[in-house]
Amino acid sequence: MSRKINTPFGVIRIERRAAYPRHIAVLTTLLAVLLAFLAVAIILVLIGIDFTAAFTLIVESFTKPELMLNSVKQAIPICLSALGLGIAFKMNFWNIGAEGQIYVGMIASTGVVLLHAYYGLFDEHVLLPLMFLTSFALGGLWCLLPAFLKAKMNVNEILTTLMLNYVAILLVDYLIHGPWRDPGGYGFPLSIKFPDYAKLLFLFGDTAYTGLLMAILGAAAAYLIMDHSKLGFEIKVVGQNLNVARYSGIDVSKVIMFGAFIAGGLAGIGGLSIVSGIIGRLRPRASPGYGYTAIIVAALAGLNPWLIVLASIFFGGLLTAGDVLQASMNIPKTVIQMMQAIIFLFILMGEVFKRYRIVFEGKSGGDMP
């Protein structure tokens with residue numbers, strides 16, 4: 001299937017590639033990253049910033065131990081969300097709502113901590129397991145709503161998942177400015193601090209190691225579900241051909257809702273990793289767009305769970321590098337965001353090039369040599 005675009009210089013035909021060799025795909029990704037950094041270097045020179053010093057700090061985000069650990073911390077919510085998106089995308093359920101599912105995961109985790117702190121409902125030994133369960137459940141339910149609408153009414157899930165992002169973000173704003181505000185926080189919109197036993201410190205006393213273990217376990221779970229379970233097989237069949245799935249006796253609605261629940265649940269645990277690992281409390285805008293970054297990571301990794309872990313750490317390093325650049329070189333935040341956006345854009349362009357072939361036919365309509 002191809003699409004033709006008329007331009008003043010001739011006709012451009014865009015057609016999907018039948019195959020793309022793996023080694024060429026890897027080289028394409030590396031080339032996209034190199035071109036992205038070249039573009040960033042040019043822009044930094046034009047605005048009068050020493051790009052060699054900036055790139056040195058970026059490299060240190062992946063090499064200096066303390067910065068590397070911070071990169072891993074930033075990668076955890078991205079990784080868990082991307083693992084969930086990988087499952088959703090496999091069944092052609094285009095979940096754009098990982099950001100909202102992250103936020104409701106944060107709400108669930110914080111709610112459990114508040115019930116413990118204010119009312120003593122839970123013992124401290126079961127607090128963290130309950131936070132995991134509630135974050136997974138609420139994140140899954142948040143994604144289940146658009147899945148139900150798609151399965152039963154054929155409502156476009158892109159719109160519903162995207163709109164629910166804003167609902168979740170505003171719900172956090174309401175809670176943290178209102179009933180969940182820390183009474184001892186001098187009026188700042190913050191929840192109470194999480195106690196140490198409600199934080200992800202059970203592996204070497206550091207969130208980075210605990211989060212890395214969570215990422216690996218999440219990747220293993222996604223791999224087992226997709227490659228070694230009946231549900232995973234059905235998800236793949238539904239994603240490849242709905243009619244074939246129906247004729248073979250698969251309950252398509254059930255598969256879509258189960259897959260969406262798991263996807264949202266993983267993103268919900270990603271929200272837990274933010275409030276229980278990175279920040280230690282709930283605050284407004286706690287996610288700098290981890291859920292949206294997860295979409296890029298899932299695409300970059302080709303929905304492969306193990307590659308998602310590596311790609312997440314790379315993007316976590318970029319986020320850490322942005323913080324370091326802002327603090328060390330006093331680079332404005334807008335420039336940091338522009339640099340990150342350029343890198344993301346080039347990587348996405350590389351992914352498009354892997355999937356599609358662009359042919360310039362010329363004004364005569366024939367392929368240009």
# chains A, B, ... in the order shown; residues from 1 in each chain; ligands from 1
>>> select_by_dssp(residues="region 250-360 of chain A", states="helix (DSSP H, G or I)", output="number ranges by chain")
A: 252-278, 290-300, 305-328, 333-355
>>> residues_around(residues="Ser61 (chain A)", least_positions_apart="2", cutoff="9 Å", atoms="only C-alpha atoms", output="list of chain:residue names")
A:Thr56, A:Leu57, A:Ile58, A:Val59, A:Thr63, A:Lys64, A:Pro65, A:Glu66, A:Leu67, A:Met68, A:Leu69, A:Asn70, A:Ser71, A:Gly317, A:Leu318, A:Thr320, A:Ala321, A:Val324
>>> write_last_selection(atoms="C-alpha atoms", output="short mmCIF file (atom, residue, chain, number, x, y, z; two decimals), in the first residue's frame")
data_model
loop_
_atom_site.label_atom_id
_atom_site.label_comp_id
_atom_site.auth_asym_id
_atom_site.auth_seq_id
_atom_site.Cartn_x
_atom_site.Cartn_y
_atom_site.Cartn_z
CA THR A 56 30.84 16.27 28.02
CA LEU A 57 28.15 16.69 30.67
CA ILE A 58 25.72 14.61 28.60
CA VAL A 59 28.26 11.78 28.36
CA THR A 63 29.35 7.28 32.84
CA LYS A 64 29.58 8.94 36.28
CA PRO A 65 28.16 6.52 38.88
CA GLU A 66 25.96 9.02 40.74
CA LEU A 67 24.54 10.48 37.53
CA MET A 68 24.08 7.02 36.04
CA LEU A 69 22.05 5.98 39.07
CA ASN A 70 19.89 9.07 38.62
CA SER A 71 19.46 8.19 34.94
CA GLY A 317 20.05 9.70 30.77
CA LEU A 318 18.90 12.46 28.45
CA THR A 320 19.29 13.65 33.72
CA ALA A 321 21.66 15.41 31.31
CA VAL A 324 22.84 18.74 34.84
#
>>> closest_residue(among="A:Leu38, A:Val167, A:Cys79, A:Val112", to="Gly211 (chain A)", atoms="only C-alpha atoms")
A:Cys79
>>> closest_residue(among="A:Asn154, A:Ser191, A:Ser273, A:Thr207", to="Phe136 (chain A)", atoms="only C-alpha atoms")
A:Ser273
>>> closest_residue(among="A:Phe353, A:Trp142, A:Phe360, A:Trp94", to="Ile295 (chain A)", atoms="only C-alpha atoms")
A:Trp94
>>> residues_around(residues="Thr161 (chain A)", least_positions_apart="6", cutoff="7 Å", atoms="only C-alpha atoms", output="PyMOL selection string")
chain A and resi 95-97+146
>>> closest_atom_pairs(of="region 62-144 of chain A", to="region 194-199 of chain A", cutoff="8 Å", atoms="only C-alpha atoms", output="CSV")
residue,atom,partner,partner_atom,distance
A:Val113,CA,A:Phe194,CA,7.0
A:Glu124,CA,A:Tyr197,CA,6.7
A:His125,CA,A:Tyr197,CA,7.7
A:Leu127,CA,A:Ala198,CA,6.4
A:Leu128,CA,A:Ala198,CA,5.4
>>> write_last_selection(atoms="C-alpha atoms", output="PDB file, in the first residue's frame")
ATOM      1  CA  VAL A 113       0.231   6.077  52.543  1.00  0.00           C
ATOM      2  CA  GLU A 124       3.961  -0.778  57.809  1.00  0.00           C
ATOM      3  CA  HIS A 125       5.086  -4.246  56.666  1.00  0.00           C
ATOM      4  CA  LEU A 127       2.232  -0.928  53.082  1.00  0.00           C
ATOM      5  CA  LEU A 128       4.536  -1.242  50.063  1.00  0.00           C
TER       6      LEU A 128
END
>>> select_by_dssp(residues="region 10-172 of chain A", states="strand (DSSP E)", output="PyMOL selection string")
chain A and resi 10-16
>>> write_last_selection(atoms="C-alpha atoms", output="tab-separated table (two decimals), in the first residue's frame")
chain	number	residue	atom	x	y	z
A	10	GLY	CA	7.19	16.11	-8.82
A	11	VAL	CA	5.36	13.22	-7.21
A	12	ILE	CA	6.60	11.64	-3.97
A	13	ARG	CA	5.43	8.11	-3.24
A	14	ILE	CA	5.47	6.77	0.32
A	15	GLU	CA	5.13	3.03	0.66
A	16	ARG	CA	5.49	0.62	3.55
>>> closest_residue(among="A:Phe188, A:Tyr103, A:Tyr20, A:Phe202", to="Gly277 (chain A)", atoms="only C-alpha atoms")
A:Phe202
>>> closest_residue(among="A:Ala82, A:Leu159, A:Met338, A:Ala168", to="Asn304 (chain A)", atoms="only C-alpha atoms")
A:Ala82
>>> residues_around(residues="Ser109 (chain A)", least_positions_apart="6", cutoff="9 Å", atoms="only C-alpha atoms", output="count of residues only")
12
>>> residues_around(residues="region 48-52 of chain A", least_positions_apart="5", cutoff="12 Å", atoms="only C-alpha atoms", output="list in words")
Phe37, Leu38, Ala39, Val40, Ala41, Ile42, Ile43, Leu57, Ile58, Val59, Leu325, Met329, Asn330, Ile331, Pro332, Val335, Ile336 and Met339 of chain A
>>> decode(residues="region 54-134 of chain A", atoms="C-alpha atoms", output="mmCIF file, in the first residue's frame")
data_model
loop_
_atom_site.group_PDB
_atom_site.id
_atom_site.type_symbol
_atom_site.label_atom_id
_atom_site.label_comp_id
_atom_site.auth_asym_id
_atom_site.auth_seq_id
_atom_site.Cartn_x
_atom_site.Cartn_y
_atom_site.Cartn_z
ATOM 1 C CA ALA A 54 27.612 20.502 27.057
ATOM 2 C CA PHE A 55 28.285 17.170 25.347
ATOM 3 C CA THR A 56 30.838 16.272 28.015
ATOM 4 C CA LEU A 57 28.153 16.689 30.672
ATOM 5 C CA ILE A 58 25.717 14.609 28.597
ATOM 6 C CA VAL A 59 28.261 11.776 28.360
ATOM 7 C CA GLU A 60 28.868 11.981 32.109
ATOM 8 C CA SER A 61 25.166 11.263 32.667
ATOM 9 C CA PHE A 62 25.888 7.769 31.340
ATOM 10 C CA THR A 63 29.353 7.281 32.840
ATOM 11 C CA LYS A 64 29.583 8.937 36.278
ATOM 12 C CA PRO A 65 28.156 6.523 38.883
ATOM 13 C CA GLU A 66 25.963 9.016 40.741
ATOM 14 C CA LEU A 67 24.544 10.480 37.526
ATOM 15 C CA MET A 68 24.079 7.016 36.039
ATOM 16 C CA LEU A 69 22.047 5.984 39.070
ATOM 17 C CA ASN A 70 19.888 9.071 38.622
ATOM 18 C CA SER A 71 19.455 8.193 34.940
ATOM 19 C CA VAL A 72 18.196 4.754 35.973
ATOM 20 C CA LYS A 73 15.740 6.361 38.426
ATOM 21 C CA GLN A 74 14.368 8.578 35.659
ATOM 22 C CA ALA A 75 14.140 5.554 33.376
ATOM 23 C CA ILE A 76 11.925 3.421 35.633
ATOM 24 C CA PRO A 77 8.525 5.115 35.018
ATOM 25 C CA ILE A 78 9.393 5.394 31.323
ATOM 26 C CA CYS A 79 10.319 1.715 31.142
ATOM 27 C CA LEU A 80 7.267 0.374 32.980
ATOM 28 C CA SER A 81 4.922 2.548 30.928
ATOM 29 C CA ALA A 82 6.632 1.537 27.671
ATOM 30 C CA LEU A 83 6.331 -2.154 28.586
ATOM 31 C CA GLY A 84 2.596 -1.655 29.010
ATOM 32 C CA LEU A 85 2.380 0.278 25.756
ATOM 33 C CA GLY A 86 4.189 -2.568 24.008
ATOM 34 C CA ILE A 87 1.376 -4.927 24.995
ATOM 35 C CA ALA A 88 -1.326 -2.435 23.982
ATOM 36 C CA PHE A 89 0.274 -1.598 20.638
ATOM 37 C CA LYS A 90 0.684 -5.292 19.811
ATOM 38 C CA MET A 91 -3.099 -5.583 19.677
ATOM 39 C CA ASN A 92 -3.466 -2.280 17.784
ATOM 40 C CA PHE A 93 -4.883 -0.546 20.854
ATOM 41 C CA TRP A 94 -3.262 2.859 20.490
ATOM 42 C CA ASN A 95 -2.960 3.858 24.123
ATOM 43 C CA ILE A 96 -1.812 7.488 24.330
ATOM 44 C CA GLY A 97 -2.834 7.635 27.981
ATOM 45 C CA ALA A 98 0.206 6.284 29.810
ATOM 46 C CA GLU A 99 0.768 9.742 31.294
ATOM 47 C CA GLY A 100 -2.662 9.717 32.920
ATOM 48 C CA GLN A 101 -2.209 6.136 34.070
ATOM 49 C CA ILE A 102 1.061 7.194 35.712
ATOM 50 C CA TYR A 103 -0.782 9.950 37.571
ATOM 51 C CA VAL A 104 -3.535 7.672 38.880
ATOM 52 C CA GLY A 105 -0.805 5.256 39.988
ATOM 53 C CA MET A 106 0.647 8.111 42.020
ATOM 54 C CA ILE A 107 -2.797 8.853 43.449
ATOM 55 C CA ALA A 108 -3.286 5.217 44.477
ATOM 56 C CA SER A 109 0.140 4.989 46.140
ATOM 57 C CA THR A 110 -0.302 8.250 48.004
ATOM 58 C CA GLY A 111 -3.805 7.298 49.114
ATOM 59 C CA VAL A 112 -2.519 4.126 50.743
ATOM 60 C CA VAL A 113 0.231 6.077 52.543
ATOM 61 C CA LEU A 114 -2.264 8.661 53.803
ATOM 62 C CA LEU A 115 -4.657 5.984 55.087
ATOM 63 C CA HIS A 116 -1.732 4.491 56.979
ATOM 64 C CA ALA A 117 -0.380 7.797 58.303
ATOM 65 C CA TYR A 118 -3.683 9.414 59.325
ATOM 66 C CA TYR A 119 -5.857 6.441 60.244
ATOM 67 C CA GLY A 120 -3.410 3.615 60.894
ATOM 68 C CA LEU A 121 -5.367 1.265 58.642
ATOM 69 C CA PHE A 122 -2.378 -0.715 57.382
ATOM 70 C CA ASP A 123 0.664 -2.140 59.071
ATOM 71 C CA GLU A 124 3.961 -0.778 57.809
ATOM 72 C CA HIS A 125 5.086 -4.246 56.666
ATOM 73 C CA VAL A 126 2.227 -4.562 54.161
ATOM 74 C CA LEU A 127 2.232 -0.928 53.082
ATOM 75 C CA LEU A 128 4.536 -1.242 50.063
ATOM 76 C CA PRO A 129 2.847 -4.409 48.671
ATOM 77 C CA LEU A 130 -0.519 -2.649 48.984
ATOM 78 C CA MET A 131 0.870 0.357 47.149
ATOM 79 C CA PHE A 132 1.969 -1.909 44.296
ATOM 80 C CA LEU A 133 -1.432 -3.614 44.130
ATOM 81 C CA THR A 134 -3.491 -0.423 44.243
#
